[in-house]
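So this one's coords-v5.txt, compact mmCIF, C-alpha atoms:
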# COMPACT_ATOMS: atom_id res chain seq x y z
CA MET E 289 44.15 -26.07 21.81
CA SER E 290 40.98 -26.73 23.77
CA LEU E 291 37.61 -25.52 22.57
CA LEU E 292 37.61 -22.87 25.27
CA ASP E 293 41.07 -21.61 24.28
CA ALA E 294 40.03 -21.58 20.60
CA THR E 295 36.89 -19.61 21.40
CA GLY E 296 38.89 -17.11 23.44
CA ALA E 297 41.33 -16.73 20.55
CA ALA E 298 38.38 -16.29 18.17
CA PHE E 299 37.04 -13.41 20.26
CA ARG E 300 40.48 -11.81 20.31
CA LEU E 301 40.64 -12.09 16.51
CA LEU E 302 37.17 -10.61 16.14
CA PHE E 303 37.56 -7.68 18.48
CA GLY E 304 41.26 -7.16 17.94
CA GLY E 305 40.55 -5.99 14.41
CA ASP E 306 42.50 -8.83 12.75
CA PRO E 307 42.88 -7.48 9.17
CA GLU E 308 42.95 -10.91 7.53
CA LEU E 309 39.71 -11.96 9.19
CA TRP E 310 37.88 -8.81 8.28
CA ARG E 311 39.18 -8.96 4.72
CA ILE E 312 37.61 -12.44 4.45
CA VAL E 313 34.33 -11.04 5.78
CA PHE E 314 34.53 -8.15 3.30
CA ILE E 315 35.12 -10.52 0.34
CA SER E 316 32.17 -12.65 1.44
CA LEU E 317 29.83 -9.70 1.64
CA LYS E 318 31.06 -8.19 -1.62
CA VAL E 319 30.71 -11.44 -3.59
CA ALA E 320 27.29 -12.31 -2.11
CA LEU E 321 25.84 -8.82 -2.58
CA LEU E 322 27.13 -8.44 -6.13
CA GLY E 323 25.86 -11.91 -7.06
CA LEU E 324 22.49 -10.96 -5.60
CA ALA E 325 22.48 -7.63 -7.44
CA ILE E 326 23.20 -9.32 -10.77
CA ALA E 327 20.47 -11.93 -10.27
CA ALA E 328 17.85 -9.57 -8.81
CA LEU E 329 16.43 -7.95 -11.92
CA PRO E 330 16.34 -11.04 -14.20
CA GLY E 331 15.17 -13.27 -11.34
CA ILE E 332 12.29 -11.03 -10.29
CA LEU E 333 11.34 -10.35 -13.90
CA ALA E 334 11.35 -14.06 -14.77
CA GLY E 335 9.25 -14.84 -11.69
CA TYR E 336 6.75 -12.15 -12.60
CA LEU E 337 6.44 -13.32 -16.20
CA LEU E 338 6.05 -16.95 -15.11
CA ALA E 339 3.25 -15.89 -12.76
CA MET E 340 1.40 -13.67 -15.21
CA LYS E 341 1.87 -15.19 -18.65
CA ARG E 342 0.48 -18.39 -20.05
CA PHE E 343 2.63 -20.03 -22.71
CA ARG E 344 3.81 -23.42 -23.88
CA GLY E 345 6.45 -24.84 -21.61
CA ARG E 346 5.52 -22.64 -18.66
CA ARG E 347 4.79 -25.60 -16.42
CA ALA E 348 8.15 -27.16 -17.28
CA LEU E 349 9.93 -23.92 -16.40
CA VAL E 350 8.14 -23.76 -13.06
CA VAL E 351 9.18 -27.33 -12.26
CA LEU E 352 12.75 -26.58 -13.37
CA THR E 353 12.89 -23.51 -11.11
CA GLN E 354 11.65 -25.51 -8.15
CA SER E 355 14.20 -28.22 -8.88
CA LEU E 356 17.02 -25.68 -9.05
CA LEU E 357 16.14 -24.53 -5.54
CA ALA E 358 17.39 -27.81 -4.18
CA PHE E 359 20.34 -28.06 -6.59
CA PRO E 360 23.58 -28.85 -4.72
CA THR E 361 25.89 -25.85 -4.82
CA VAL E 362 28.84 -28.09 -5.48
CA VAL E 363 27.24 -29.27 -8.73
CA VAL E 364 26.79 -25.66 -9.85
CA GLY E 365 30.45 -25.19 -8.95
CA LEU E 366 31.43 -28.26 -10.95
CA VAL E 367 29.54 -27.15 -14.07
CA LEU E 368 30.98 -23.64 -13.82
CA TYR E 369 34.47 -25.06 -13.24
CA MET E 370 34.21 -27.07 -16.45
CA LEU E 371 32.90 -24.08 -18.38
CA LEU E 372 35.51 -21.65 -17.03
CA SER E 373 38.57 -23.92 -16.92
CA ARG E 374 41.30 -23.14 -19.40
CA HIS E 375 40.10 -25.75 -21.89
CA GLY E 376 36.41 -25.09 -21.29
CA PRO E 377 34.18 -23.14 -23.66
CA LEU E 378 34.51 -19.97 -21.54
CA GLY E 379 38.18 -20.51 -20.66
CA SER E 380 39.30 -17.53 -22.71
CA LEU E 381 37.56 -15.22 -20.23
CA ALA E 382 40.15 -16.23 -17.61
CA LEU E 383 37.56 -16.06 -14.84
CA LEU E 384 38.39 -19.22 -12.93
CA PHE E 385 39.72 -18.58 -9.40
CA THR E 386 38.63 -14.93 -9.45
CA GLN E 387 36.05 -13.03 -7.47
CA ASN E 388 34.11 -12.51 -10.69
CA ALA E 389 33.72 -16.27 -11.07
CA MET E 390 32.44 -16.48 -7.51
CA ILE E 391 30.00 -13.62 -8.16
CA LEU E 392 28.75 -15.45 -11.26
CA GLY E 393 28.31 -18.63 -9.22
CA GLN E 394 26.42 -16.83 -6.46
CA ALA E 395 24.17 -15.14 -9.04
CA ILE E 396 23.32 -18.53 -10.54
CA LEU E 397 22.54 -19.96 -7.08
CA VAL E 398 20.39 -17.00 -6.10
CA PHE E 399 18.48 -16.72 -9.40
CA PRO E 400 16.02 -19.62 -8.86
CA ILE E 401 15.27 -18.40 -5.33
CA LEU E 402 14.27 -14.99 -6.65
CA VAL E 403 12.23 -16.56 -9.45
CA ALA E 404 10.42 -18.92 -7.08
CA TYR E 405 9.63 -16.29 -4.44
CA THR E 406 8.40 -13.76 -7.00
CA LEU E 407 6.37 -16.40 -8.84
CA SER E 408 4.73 -17.50 -5.62
CA ALA E 409 4.13 -13.93 -4.44
CA VAL E 410 2.57 -12.67 -7.68
CA GLN E 411 0.60 -15.85 -8.30
CA GLY E 412 -0.80 -15.67 -4.79
CA ALA E 413 -1.69 -11.98 -5.06
CA ASP E 414 -5.28 -10.87 -5.29
CA PRO E 415 -6.20 -11.03 -9.01
CA ARG E 416 -8.17 -7.79 -8.61
CA ALA E 417 -4.87 -5.95 -8.10
CA HIS E 418 -3.73 -6.45 -11.70
CA GLU E 419 -7.25 -5.96 -13.06
CA THR E 420 -7.57 -2.69 -11.17
CA ALA E 421 -4.25 -1.44 -12.49
CA VAL E 422 -5.19 -2.35 -16.06
CA SER E 423 -8.68 -0.92 -15.73
CA LEU E 424 -7.24 2.36 -14.47
CA GLY E 425 -5.14 2.54 -17.62
CA ALA E 426 -1.78 1.11 -16.56
CA GLY E 427 0.38 -0.27 -19.35
CA PRO E 428 2.28 -3.57 -18.93
CA LEU E 429 5.30 -1.98 -17.20
CA ARG E 430 3.28 0.10 -14.73
CA ALA E 431 1.00 -2.85 -14.01
CA ALA E 432 4.06 -5.07 -13.38
CA LEU E 433 5.64 -2.52 -11.03
CA THR E 434 2.32 -2.16 -9.23
CA MET E 435 2.04 -5.92 -8.75
CA LEU E 436 5.60 -6.14 -7.45
CA ASN E 437 4.89 -3.28 -5.07
CA GLU E 438 1.72 -5.00 -3.87
CA THR E 439 3.71 -8.18 -3.18
CA ARG E 440 6.85 -6.37 -2.02
CA PHE E 441 7.16 -8.13 1.33
CA ALA E 442 7.11 -11.60 -0.23
CA VAL E 443 9.42 -10.56 -3.07
CA PHE E 444 11.86 -8.96 -0.65
CA ALA E 445 11.76 -12.10 1.45
CA GLY E 446 13.12 -13.84 -1.67
CA VAL E 447 15.92 -11.29 -1.90
CA ILE E 448 16.83 -11.83 1.76
CA ASN E 449 16.67 -15.59 1.36
CA GLY E 450 18.85 -15.35 -1.75
CA PHE E 451 21.44 -13.38 0.20
CA GLY E 452 21.30 -16.05 2.90
CA ARG E 453 22.07 -18.76 0.38
CA ALA E 454 24.88 -16.77 -1.26
CA ILE E 455 26.66 -15.86 1.97
CA SER E 456 26.47 -19.34 3.45
CA GLU E 457 27.24 -21.67 0.54
CA VAL E 458 30.66 -23.26 0.32
CA GLY E 459 30.71 -25.76 -2.56
CA CYS E 460 30.53 -23.39 -5.49
CA ALA E 461 32.81 -20.73 -3.93
CA LEU E 462 35.46 -23.34 -3.13
CA MET E 463 35.45 -24.93 -6.58
CA ILE E 464 35.52 -21.83 -8.75
CA GLY E 465 37.10 -19.41 -6.30
CA GLY E 466 39.95 -21.66 -5.27
CA ASN E 467 40.14 -20.27 -1.72
CA ILE E 468 43.04 -17.92 -2.53
CA ALA E 469 44.03 -15.85 0.50
CA GLY E 470 43.19 -12.18 0.14
CA LEU E 471 41.47 -12.74 -3.18
CA THR E 472 38.81 -15.46 -3.20
CA ARG E 473 38.88 -16.70 0.37
CA ASN E 474 35.50 -16.03 1.89
CA ILE E 475 33.97 -16.96 5.24
CA THR E 476 32.82 -20.44 4.34
CA THR E 477 35.90 -21.53 2.41
CA ALA E 478 38.14 -20.12 5.13
CA ILE E 479 36.27 -22.07 7.82
CA ALA E 480 36.67 -25.26 5.77
CA LEU E 481 40.41 -24.65 5.31
CA GLU E 482 41.18 -23.61 8.88
CA THR E 483 39.27 -26.55 10.30
CA SER E 484 41.11 -28.99 8.04
CA LYS E 485 44.40 -27.54 9.35
CA GLY E 486 43.24 -27.89 12.94
CA GLU E 487 43.28 -24.08 13.36
CA PHE E 488 39.95 -23.53 15.03
CA ALA E 489 40.26 -19.94 16.26
CA GLN E 490 39.76 -18.22 12.92
CA GLY E 491 37.12 -20.79 11.94
CA ILE E 492 35.14 -20.12 15.12
CA ALA E 493 35.48 -16.34 14.70
CA LEU E 494 34.26 -16.50 11.10
CA GLY E 495 31.54 -18.94 12.11
CA MET E 496 30.33 -16.41 14.65
CA VAL E 497 30.22 -13.70 11.97
CA LEU E 498 28.26 -16.05 9.72
CA VAL E 499 25.83 -16.89 12.50
CA VAL E 500 25.30 -13.20 13.26
CA LEU E 501 24.66 -12.57 9.55
CA ALA E 502 22.22 -15.51 9.41
CA LEU E 503 20.41 -14.22 12.49
CA GLY E 504 20.26 -10.76 10.96
CA VAL E 505 18.81 -12.19 7.75
CA ASN E 506 16.19 -14.14 9.68
CA LEU E 507 15.38 -11.13 11.81
CA VAL E 508 14.75 -9.05 8.69
CA MET E 509 12.61 -11.89 7.27
CA ALA E 510 10.56 -12.07 10.46
CA MET E 511 10.08 -8.30 10.43
CA LEU E 512 8.99 -8.42 6.81
CA GLN E 513 6.52 -11.19 7.52
CA GLY E 514 5.19 -9.08 10.35
CA GLU E 515 4.82 -6.11 8.01
CA GLY E 516 3.14 -8.29 5.39
CA GLY E 517 0.76 -9.55 8.01
CA MET E 518 -0.30 -5.98 8.68
CA LYS E 519 -1.96 -5.77 5.28
CA MET Z 240 -27.15 9.96 -32.84
CA ARG Z 241 -24.48 7.29 -32.63
CA PRO Z 242 -24.41 5.31 -29.39
CA LEU Z 243 -21.39 5.56 -27.11
CA LEU Z 244 -21.01 1.81 -27.20
CA ARG Z 245 -22.57 -0.69 -29.52
CA LEU Z 246 -21.95 -4.37 -29.73
CA ASP Z 247 -23.45 -6.93 -32.02
CA HIS Z 248 -23.98 -10.40 -30.78
CA LEU Z 249 -21.96 -11.31 -27.74
CA ARG Z 250 -21.52 -14.88 -26.68
CA LYS Z 251 -19.73 -16.25 -23.66
CA SER Z 252 -19.56 -19.93 -22.80
CA TYR Z 253 -17.86 -21.93 -20.11
CA GLY Z 254 -17.51 -25.38 -21.62
CA GLU Z 255 -20.98 -26.55 -22.55
CA ARG Z 256 -22.68 -23.80 -20.59
CA HIS Z 257 -23.68 -20.70 -22.54
CA LEU Z 258 -23.69 -17.89 -20.01
CA LEU Z 259 -24.28 -14.99 -22.37
CA ASP Z 260 -25.94 -14.96 -25.78
CA LEU Z 261 -26.76 -11.32 -26.36
CA ASP Z 262 -28.16 -10.19 -29.70
CA GLY Z 263 -26.78 -6.73 -29.16
CA LEU Z 264 -26.27 -3.90 -26.71
CA GLU Z 265 -26.30 -0.15 -27.16
CA ILE Z 266 -25.32 2.41 -24.57
CA GLU Z 267 -25.99 6.06 -25.23
CA ALA Z 268 -23.66 8.73 -23.94
CA GLY Z 269 -24.86 10.57 -20.87
CA HIS Z 270 -27.21 7.84 -19.69
CA ALA Z 271 -27.14 5.38 -16.86
CA TYR Z 272 -28.18 1.77 -17.24
CA ALA Z 273 -28.88 -0.79 -14.58
CA VAL Z 274 -28.37 -4.44 -15.49
CA THR Z 275 -30.42 -6.69 -13.29
CA GLY Z 276 -30.65 -10.45 -13.17
CA ASP Z 277 -30.38 -13.37 -10.83
CA ASN Z 278 -27.10 -14.35 -9.23
CA GLY Z 279 -25.04 -16.12 -11.88
CA ALA Z 280 -27.01 -14.56 -14.74
CA GLY Z 281 -23.80 -13.11 -16.17
CA LYS Z 282 -24.00 -9.45 -15.10
CA THR Z 283 -20.44 -9.30 -13.83
CA THR Z 284 -19.14 -11.25 -16.81
CA LEU Z 285 -20.83 -8.81 -19.19
CA LEU Z 286 -19.18 -5.86 -17.48
CA ARG Z 287 -15.80 -7.59 -17.40
CA ILE Z 288 -15.99 -8.34 -21.10
CA LEU Z 289 -16.82 -4.72 -21.85
CA ALA Z 290 -13.89 -3.65 -19.66
CA GLY Z 291 -11.57 -5.92 -21.62
CA LEU Z 292 -10.82 -8.03 -18.56
CA GLU Z 293 -12.34 -11.19 -20.00
CA PRO Z 294 -12.56 -12.49 -23.53
CA GLY Z 295 -15.88 -13.06 -25.21
CA GLU Z 296 -17.02 -13.92 -28.71
CA ILE Z 297 -18.19 -10.62 -30.14
CA ALA Z 298 -19.38 -10.15 -33.71
CA GLY Z 299 -18.91 -6.38 -33.72
CA PHE Z 300 -17.86 -3.78 -31.19
CA GLU Z 301 -17.97 -0.04 -31.65
CA PHE Z 302 -16.94 2.57 -29.13
CA ARG Z 303 -17.43 6.29 -29.77
CA GLY Z 304 -18.13 5.49 -33.38
CA VAL Z 305 -14.89 3.62 -33.90
CA PRO Z 306 -15.15 -0.09 -34.70
CA LEU Z 307 -12.78 -2.26 -32.68
CA THR Z 308 -11.45 -5.74 -32.76
CA HIS Z 309 -12.28 -6.80 -29.26
CA GLY Z 310 -9.25 -8.94 -28.53
CA ARG Z 311 -7.43 -6.55 -26.26
CA LEU Z 312 -8.82 -3.06 -25.86
CA PRO Z 313 -6.47 -0.47 -27.35
CA ASP Z 314 -4.95 1.95 -24.83
CA ASN Z 315 -7.18 4.85 -25.84
CA VAL Z 316 -10.30 2.77 -25.16
CA ARG Z 317 -8.92 1.35 -21.93
CA HIS Z 318 -8.46 4.94 -20.83
CA ASP Z 319 -12.09 5.73 -21.69
CA ILE Z 320 -13.74 2.88 -19.77
CA VAL Z 321 -13.23 2.28 -16.05
CA TYR Z 322 -14.44 -0.84 -14.29
CA VAL Z 323 -15.02 -0.89 -10.52
CA HIS Z 324 -15.10 -4.28 -8.79
CA GLN Z 325 -17.93 -5.29 -6.49
CA HIS Z 326 -15.36 -5.31 -3.71
CA PRO Z 327 -12.96 -2.64 -4.92
CA TYR Z 328 -9.28 -3.35 -4.62
CA LEU Z 329 -7.19 -0.55 -3.17
CA PHE Z 330 -3.43 -0.69 -3.62
CA HIS Z 331 -1.45 -1.01 -0.41
CA THR Z 332 -0.11 2.51 -0.62
CA THR Z 333 -2.19 5.54 0.39
CA VAL Z 334 -5.66 6.82 -0.38
CA VAL Z 335 -4.12 9.76 -2.24
CA HIS Z 336 -1.92 7.46 -4.36
CA ASN Z 337 -4.90 5.24 -5.14
CA ILE Z 338 -6.99 8.13 -6.39
CA GLY Z 339 -4.10 9.53 -8.43
CA TYR Z 340 -3.07 6.15 -9.89
CA GLY Z 341 -5.01 6.39 -13.15
CA LEU Z 342 -3.93 10.01 -13.62
CA ALA Z 343 -0.29 8.98 -13.31
CA ALA Z 344 -0.94 6.21 -15.86
CA ARG Z 345 -2.17 8.93 -18.21
CA GLY Z 346 0.95 11.01 -17.66
CA ILE Z 347 -0.82 13.67 -15.55
CA ASP Z 348 1.70 14.68 -12.92
CA GLY Z 349 2.63 17.37 -10.48
CA ALA Z 350 0.32 20.19 -9.48
CA GLU Z 351 -2.42 19.20 -11.91
CA ARG Z 352 -2.62 15.67 -10.49
CA ARG Z 353 -2.66 16.98 -6.93
CA ARG Z 354 -5.44 19.40 -7.81
CA LEU Z 355 -7.57 16.69 -9.44
CA VAL Z 356 -6.96 14.27 -6.58
CA GLU Z 357 -7.94 16.86 -3.99
CA GLU Z 358 -11.10 17.61 -5.97
CA ALA Z 359 -11.96 13.90 -6.09
CA ILE Z 360 -11.27 13.49 -2.36
CA ALA Z 361 -13.64 16.36 -1.60
CA TRP Z 362 -16.27 14.97 -4.01
CA ALA Z 363 -16.25 11.56 -2.34
CA GLY Z 364 -16.03 12.98 1.20
CA VAL Z 365 -12.98 10.89 2.06
CA ASP Z 366 -10.68 13.64 3.30
CA HIS Z 367 -10.61 12.15 6.79
CA LEU Z 368 -9.34 8.85 5.36
CA ARG Z 369 -6.23 10.16 3.63
CA GLY Z 370 -3.92 9.26 6.49
CA LEU Z 371 -5.18 5.72 6.90
CA PRO Z 372 -3.71 2.66 5.19
CA PRO Z 373 -6.27 1.50 2.60
CA ALA Z 374 -6.39 -1.96 4.17
CA LYS Z 375 -7.92 -0.40 7.27
CA LEU Z 376 -10.88 1.15 5.43
CA SER Z 377 -14.36 -0.30 5.70
CA GLY Z 378 -16.19 -1.69 2.67
CA GLY Z 379 -18.18 1.52 2.24
CA GLU Z 380 -15.06 3.69 2.53
CA LYS Z 381 -13.26 1.55 -0.04
CA GLN Z 382 -16.20 1.88 -2.40
CA ARG Z 383 -16.15 5.66 -2.08
CA VAL Z 384 -12.40 5.83 -2.69
CA ALA Z 385 -12.85 3.53 -5.71
CA LEU Z 386 -15.62 5.75 -7.09
CA ALA Z 387 -13.41 8.83 -6.60
CA ARG Z 388 -10.54 6.97 -8.29
CA ALA Z 389 -12.78 6.22 -11.28
CA ARG Z 390 -14.45 9.64 -11.47
CA VAL Z 391 -11.19 11.59 -11.38
CA LEU Z 392 -10.37 10.03 -14.77
CA LYS Z 393 -13.56 11.42 -16.34
CA PRO Z 394 -14.07 8.23 -18.31
CA TYR Z 395 -16.58 8.02 -21.12
CA LEU Z 396 -18.09 4.97 -19.49
CA PHE Z 397 -18.24 3.73 -15.89
CA LEU Z 398 -18.80 0.02 -15.37
CA LEU Z 399 -19.88 -0.51 -11.77
CA ASP Z 400 -20.29 -4.04 -10.49
CA GLU Z 401 -22.81 -4.28 -7.64
CA PRO Z 402 -21.55 -1.07 -6.02
CA THR Z 403 -23.82 -1.34 -3.00
CA ALA Z 404 -23.65 -5.10 -2.46
CA ASN Z 405 -22.64 -5.94 1.09
CA LEU Z 406 -23.11 -2.34 2.18
CA ASP Z 407 -25.83 -1.30 4.50
CA GLY Z 408 -27.03 1.71 6.41
CA GLU Z 409 -25.00 4.87 6.04
CA ALA Z 410 -22.30 3.31 3.85
CA ARG Z 411 -24.88 2.21 1.28
CA GLY Z 412 -26.56 5.61 1.35
CA GLN Z 413 -23.23 7.38 0.78
CA ALA Z 414 -22.36 5.13 -2.19
CA ILE Z 415 -25.79 5.69 -3.73
CA ALA Z 416 -25.45 9.45 -3.24
CA LEU Z 417 -22.15 9.44 -5.18
CA ILE Z 418 -23.62 7.33 -7.99
CA ARG Z 419 -26.65 9.63 -8.11
CA GLN Z 420 -24.23 12.52 -8.65
CA LEU Z 421 -22.50 10.68 -11.47
CA VAL Z 422 -25.90 10.13 -13.10
CA GLN Z 423 -26.90 13.77 -12.58
CA ASP Z 424 -23.61 14.92 -14.09
CA ASN Z 425 -24.60 13.10 -17.28
CA GLY Z 426 -22.06 10.37 -16.82
CA SER Z 427 -22.49 7.21 -18.86
CA LEU Z 428 -22.84 4.29 -16.51
CA LEU Z 429 -23.57 0.60 -16.78
CA ILE Z 430 -24.28 -0.78 -13.34
CA ALA Z 431 -24.81 -4.40 -12.44
CA CYS Z 432 -27.07 -4.33 -9.44
CA HIS Z 433 -29.84 -5.74 -7.31
CA ASP Z 434 -30.35 -2.65 -5.21
CA ARG Z 435 -33.88 -1.32 -5.72
CA GLU Z 436 -32.95 2.25 -4.72
CA LEU Z 437 -30.13 2.30 -7.26
CA ILE Z 438 -32.27 0.80 -10.02
CA GLU Z 439 -34.95 3.42 -9.41
CA LEU Z 440 -32.64 6.43 -9.51
CA PRO Z 441 -34.13 9.13 -11.74
CA GLY Z 442 -33.08 8.71 -15.35
CA MET Z 443 -31.88 5.12 -14.88
CA ARG Z 444 -32.60 2.83 -17.83
CA ARG Z 445 -32.91 -0.86 -17.19
CA PHE Z 446 -31.84 -4.10 -18.76
CA HIS Z 447 -32.58 -7.50 -17.42
CA LEU Z 448 -30.40 -10.54 -18.05
CA GLU Z 449 -32.26 -13.79 -18.27
CA ASN Z 450 -31.13 -17.05 -19.80
CA GLY Z 451 -28.17 -15.26 -21.35
CA LYS Z 452 -30.39 -12.74 -23.13
CA LEU Z 453 -30.68 -9.05 -22.42
CA VAL Z 454 -34.20 -7.67 -22.33
CA GLU Z 455 -35.30 -4.13 -21.59
CA ALA Z 456 -36.95 -4.17 -18.18
Would you kindly transcribe this structure into structure tokens?
Amino acid sequence: MSLLDATGAAFRLLFGGDPELWRIVFISLKVALLGLAIAALPGILAGYLLAMKRFRGRRALVVLTQSLLAFPTVVVGLVLYMLLSRHGPLGSLALLFTQNAMILGQAILVFPILVAYTLSAVQGADPRAHETAVSLGAGPLRAALTMLNETRFAVFAGVINGFGRAISEVGCALMIGGNIAGLTRNITTAIALETSKGEFAQGIALGMVLVVLALGVNLVMAMLQGEGGMK
Amino acid sequence: MRPLLRLDHLRKSYGERHLLDLDGLEIEAGHAYAVTGDNGAGKTTLLRILAGLEPGEIAGFEFRGVPLTHGRLPDNVRHDIVYVHQHPYLFHTTVVHNIGYGLAARGIDGAERRRLVEEAIAWAGVDHLRGLPPAKLSGGEKQRVALARARVLKPYLFLLDEPTANLDGEARGQAIALIRQLVQDNGSLLIACHDRELIELPGMRRFHLENGKLVEA
């Protein structure tokens, strides 16, 4: 099949409502969004605390977070595989090759992004913001929520970026999801499989969905940066 | 009569440099005090220490007759003292939200908060600003919103850091008029300032900071 034929077939799959293709897209979105949702609160909280508190080992945690940003997804997948495999310490949970394992993996991948963005946003915020909140009588929780609201564009950029990483990574999803059709096959693992079989049509169709999602994510980021620049 | 605020010996150093070495400070309720001094004399630092925003070595601290350990101000004291920055910071929300922020922190909600906020807006003459994003306000407008935001809380003590610095003309006059009202309403104020007109407001008492010491001017 030529590239042109494959692309034509991809469009037919996309707009013909191919149930298998759209199920793969649905699994991708579900796993990425749930992973993001699980990581959001602890990630943003950890970033805020790292920015605001001074304690022993803080510097090491900041360096660790920055290092995790560049951590290969396949290594995260490998570690999780060993933990979740039948003879691993978490084997009894029977999570390996399930969507829940993929969600856990995505949450772990997204967590350092949320920490790093929130840390950078809060650390870079005007110090008068927190002082004003405290001086007006805000307790720690209200002051924290105020700071996150003041830096909302930068923090939300972290959320968007985290979603981008979750939806587009392949290593972790492949290793702990197992690429099981209808269950753990997502966009990236399906593209890898179809390409290896020489079946380009579905790969191209899914690739187009992924590109549209990536463009959407970047569009939202650009809009947020525009909004932030309005301040 | 017991002073509103009394502190015994306050010391603040940055490395080898002793910025403040005060033997004591007393502020009586219902009086306004201007703290003058050269740039870098420690006026802002003194106010920030009293607001609990910066640590300082303090031998004894008493507020409204209650002795305190001045590590972190307890909530009830933080609610009684309001500090206003030289360049006030307004949250990126709305003017109304900014003025009501401290009330919300005190659990004052609903109709009562709206009433108090409206009263403060009218007092500061900022009604025409309510629809604007705070970032778009001028320095003078921000100062007036910040003064309204502080006054609405009816604090026992206002700490104002150079409230007219970088303001000129009408904006400066409007800020001074609001501070004059606070003084006339028997508010207790400690104001770091250079502004001659502010220092010479009727009823204003004066301190001067020099070489880390506070002397009555």
Using only C-alpha atoms, I'd like every residue of chain Z that has an atom within 12 Å of chain E; please write them out as a VMD selection string.
chain Z and resid 286 to 293 311 to 332 336 to 346 372 to 376 385 to 394 396 to 399
Neighbours of E:Leu501 within 12 Å (all atoms listed in the file; same-chain residues fewer than 3 positions away dropped), as a list of chain:residue names?
E:Val313, E:Ser316, E:Leu317, E:Ala320, E:Ile448, E:Asn449, E:Phe451, E:Gly452, E:Arg453, E:Ala454, E:Ile455, E:Ser456, E:Ile475, E:Leu494, E:Gly495, E:Met496, E:Val497, E:Leu498, E:Gly504, E:Val505, E:Asn506, E:Leu507, E:Val508
Residue neighbourhood Z:Glu455, 7 Å, only C-alpha atoms, exclusion window fewer than 4 positions, as a PDB file with C-alpha atoms, keeping the file's coordinate frame:
ATOM      1  CA  ARG Z 445     -32.910  -0.860 -17.190  1.00  0.00           C
ATOM      2  CA  PHE Z 446     -31.840  -4.100 -18.760  1.00  0.00           C
ATOM      3  CA  HIS Z 447     -32.580  -7.500 -17.420  1.00  0.00           C
TER       4      HIS Z 447
END
(-28.3, 4.5, -16.8) in this file's frame - what residues fall within 6 Å of it? Use all atoms listed in the file and give the answer as number ranges by chain.
Z: 270-273, 428, 443-444
Neighbouring residues of Z:Arg250 were defined as those with any atom within 8 Å, considering only C-alpha atoms; residues of the same chain fewer than 5 positions away were excluded. Please report them as JSON, numbers by chain.
{"Z": [257, 258, 259, 260, 261, 295, 296, 297]}
Applying 9 Å and all atoms listed in the file, which residues near Z:Gly378 remain after dropping the ones on its own chain fewer than 3 positions away? List them as a ChimeraX atom specification.
/Z:326-327,381-383,405-406,410
Since we have the selection now, will you write its residues out, keeping C-alpha atoms, as a tab-separated table (two decimals), in the frame of the given file?
chain	number	residue	atom	x	y	z
Z	326	HIS	CA	-15.36	-5.31	-3.71
Z	327	PRO	CA	-12.96	-2.64	-4.92
Z	381	LYS	CA	-13.26	1.55	-0.04
Z	382	GLN	CA	-16.20	1.88	-2.40
Z	383	ARG	CA	-16.15	5.66	-2.08
Z	405	ASN	CA	-22.64	-5.94	1.09
Z	406	LEU	CA	-23.11	-2.34	2.18
Z	410	ALA	CA	-22.30	3.31	3.85
For a quick check of your reading of the model, name the residues lying within 12 Å of the coordinate (42.1, -25.2, 14.6), counting all atoms listed in the file, and write them as a list of chain:residue names.
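The answer, in the requested form, is E:Met289, E:Ser290, E:Leu291, E:Leu292, E:Asp293, E:Ala294, E:Thr295, E:Ala297, E:Ala298, E:Ala478, E:Ile479, E:Ala480, E:Leu481, E:Glu482, E:Thr483, E:Ser484, E:Lys485, E:Gly486, E:Glu487, E:Phe488, E:Ala489, E:Gln490, E:Gly491, E:Ile492, E:Ala493.
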note - atom CA of Z:Asp400 and atom CA of Z:Lys282 are separated by 8.0 Å
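For the atom pair formed by atom CA of E:Leu371 and atom CA of E:Ala404, the distance is 25.7 Å, given to one decimal.
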Rounded to one decimal in Å, what is the spacing between atom CA of E:Phe314 and atom CA of E:Ser380?
28.1 Å
